[in-house]
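As structure tokens, the structure follows; a few thoughts come after it.
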Amino acid sequence: MFSKKLLIFLISPSFFLAQEKILSADFDGDHIKDKVYLDSNNGAVVYQLSSQKFKKISSNQFEDSGEIFFDQSKNGFKVKLNQMRAGYGYQFRYEKETGKMRLIGMERYEFGPANNDGSGESSVNLLTNTYIGEWNYFDNKKTKLIKIPTIKKKMVLPKAYFDNLGNAFSTYIDKDTSYYLAEKKRLYKE
């Protein structure tokens, strides 16, 4: 009995890790399962839609500098990348008019350095142009971590698609960082 439980425990983690690299679901609404996966040959993320005869559409915009995961969302999927003390994600939804997977949201989190200065998370909904940031800063005078009140702003970025993300993520990070720094400067006076 003990050896069977140990064998299942040892096999299970590798089984679940293997499952995290592919997601199969109906993204394009035709009731046939499509898929998104990490192509281990070149490190690219690839999706294949049944409505496009499973043609491979790949993006070289994702950096596999950590663990990559796929989650199902309504009419699409999320690509999440987790690193040592930070991570980010992209959400895509099938756009019937173009037949492509459109970028509709991004999110990121950071733990910051040892004192957690700059830790928190943010997201942007590209359909409503809504940005929400939940960030912290370390107050050197009080020697404690201070939560910044929720930052809600409008953030407009150009349309982007899975196969051509352009600079959408770097623009998001630049605006996100400027919102955080402005709030930190407003709240924290050395």
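Within each chain, counting starts at residue 1; across the structure tokens, chains are named A, B, ... in the order shown, with ligands numbered 1 upward in that order.
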
Inset, instruction - Tell me which protein, DNA and RNA residues are within 8 Å of Phe70 (chain A), counting only C-alpha atoms, leaving out same-chain ones fewer than 3 positions away, and put them as a ChimeraX atom specification. - result: /A:20-23,36-37,77-80

Filtered DSSP result for region 13-109 of chain A, state strand (DSSP E), as a PDB file with C-alpha atoms, in the first residue's frame:
```
ATOM      1  CA  ILE A  22      -0.827  22.557 -23.453  1.00  0.00           C
ATOM      2  CA  LEU A  23      -4.436  23.690 -23.252  1.00  0.00           C
ATOM      3  CA  SER A  24      -7.192  22.218 -25.372  1.00  0.00           C
ATOM      4  CA  ALA A  25     -10.568  23.986 -25.514  1.00  0.00           C
ATOM      5  CA  ASP A  34      -8.553  24.078 -30.439  1.00  0.00           C
ATOM      6  CA  LYS A  35      -5.213  24.157 -28.661  1.00  0.00           C
ATOM      7  CA  VAL A  36      -2.458  26.404 -27.399  1.00  0.00           C
ATOM      8  CA  TYR A  37       0.903  25.010 -26.348  1.00  0.00           C
ATOM      9  CA  LEU A  38       4.578  25.623 -25.875  1.00  0.00           C
ATOM     10  CA  ASP A  39       6.561  24.319 -28.842  1.00  0.00           C
ATOM     11  CA  ALA A  44       7.521  29.612 -29.079  1.00  0.00           C
ATOM     12  CA  VAL A  45       3.917  29.597 -27.933  1.00  0.00           C
ATOM     13  CA  VAL A  46       1.623  28.252 -30.660  1.00  0.00           C
ATOM     14  CA  TYR A  47      -2.135  28.103 -31.085  1.00  0.00           C
ATOM     15  CA  GLN A  48      -4.143  26.084 -33.583  1.00  0.00           C
ATOM     16  CA  LYS A  56       0.037  26.772 -36.565  1.00  0.00           C
ATOM     17  CA  ILE A  57       0.092  30.415 -35.483  1.00  0.00           C
ATOM     18  CA  SER A  58       3.114  31.192 -33.363  1.00  0.00           C
ATOM     19  CA  SER A  59       4.437  34.172 -31.501  1.00  0.00           C
ATOM     20  CA  GLU A  67       7.551  28.734 -15.949  1.00  0.00           C
ATOM     21  CA  ILE A  68       4.833  29.068 -18.564  1.00  0.00           C
ATOM     22  CA  PHE A  69       1.186  28.151 -17.991  1.00  0.00           C
ATOM     23  CA  PHE A  70      -2.013  28.275 -20.005  1.00  0.00           C
ATOM     24  CA  ASP A  71      -5.485  28.936 -18.601  1.00  0.00           C
ATOM     25  CA  GLN A  72      -8.811  28.839 -20.363  1.00  0.00           C
ATOM     26  CA  SER A  73     -10.897  32.006 -20.449  1.00  0.00           C
ATOM     27  CA  GLY A  76      -9.909  32.319 -25.473  1.00  0.00           C
ATOM     28  CA  PHE A  77      -6.927  31.656 -23.279  1.00  0.00           C
ATOM     29  CA  LYS A  78      -4.332  33.192 -20.984  1.00  0.00           C
ATOM     30  CA  VAL A  79      -0.584  32.778 -21.286  1.00  0.00           C
ATOM     31  CA  LYS A  80       1.118  33.227 -17.909  1.00  0.00           C
ATOM     32  CA  LEU A  81       4.834  33.378 -17.240  1.00  0.00           C
ATOM     33  CA  ASN A  82       6.145  33.117 -13.694  1.00  0.00           C
ATOM     34  CA  ALA A  86       7.782  38.422 -10.751  1.00  0.00           C
ATOM     35  CA  GLY A  87       5.411  37.269 -13.421  1.00  0.00           C
ATOM     36  CA  TYR A  88       3.071  38.437 -16.109  1.00  0.00           C
ATOM     37  CA  GLY A  89       0.221  37.271 -18.252  1.00  0.00           C
ATOM     38  CA  TYR A  90      -1.543  37.939 -21.510  1.00  0.00           C
ATOM     39  CA  GLN A  91      -5.213  37.229 -22.213  1.00  0.00           C
ATOM     40  CA  PHE A  92      -6.420  36.517 -25.744  1.00  0.00           C
ATOM     41  CA  ARG A  93      -9.935  36.206 -27.133  1.00  0.00           C
ATOM     42  CA  TYR A  94     -11.043  35.009 -30.540  1.00  0.00           C
ATOM     43  CA  GLU A  95     -12.133  37.886 -32.763  1.00  0.00           C
ATOM     44  CA  LYS A 100      -7.419  35.993 -34.966  1.00  0.00           C
ATOM     45  CA  MET A 101      -6.726  35.796 -31.267  1.00  0.00           C
ATOM     46  CA  ARG A 102      -6.792  39.390 -30.047  1.00  0.00           C
ATOM     47  CA  LEU A 103      -4.914  40.609 -26.970  1.00  0.00           C
ATOM     48  CA  ILE A 104      -7.639  41.815 -24.592  1.00  0.00           C
ATOM     49  CA  GLY A 105      -5.782  42.078 -21.298  1.00  0.00           C
ATOM     50  CA  MET A 106      -2.439  41.972 -19.535  1.00  0.00           C
ATOM     51  CA  GLU A 107      -1.408  41.583 -15.928  1.00  0.00           C
ATOM     52  CA  ARG A 108       1.773  41.495 -13.920  1.00  0.00           C
ATOM     53  CA  TYR A 109       3.008  41.071 -10.359  1.00  0.00           C
TER      54      TYR A 109
END
```
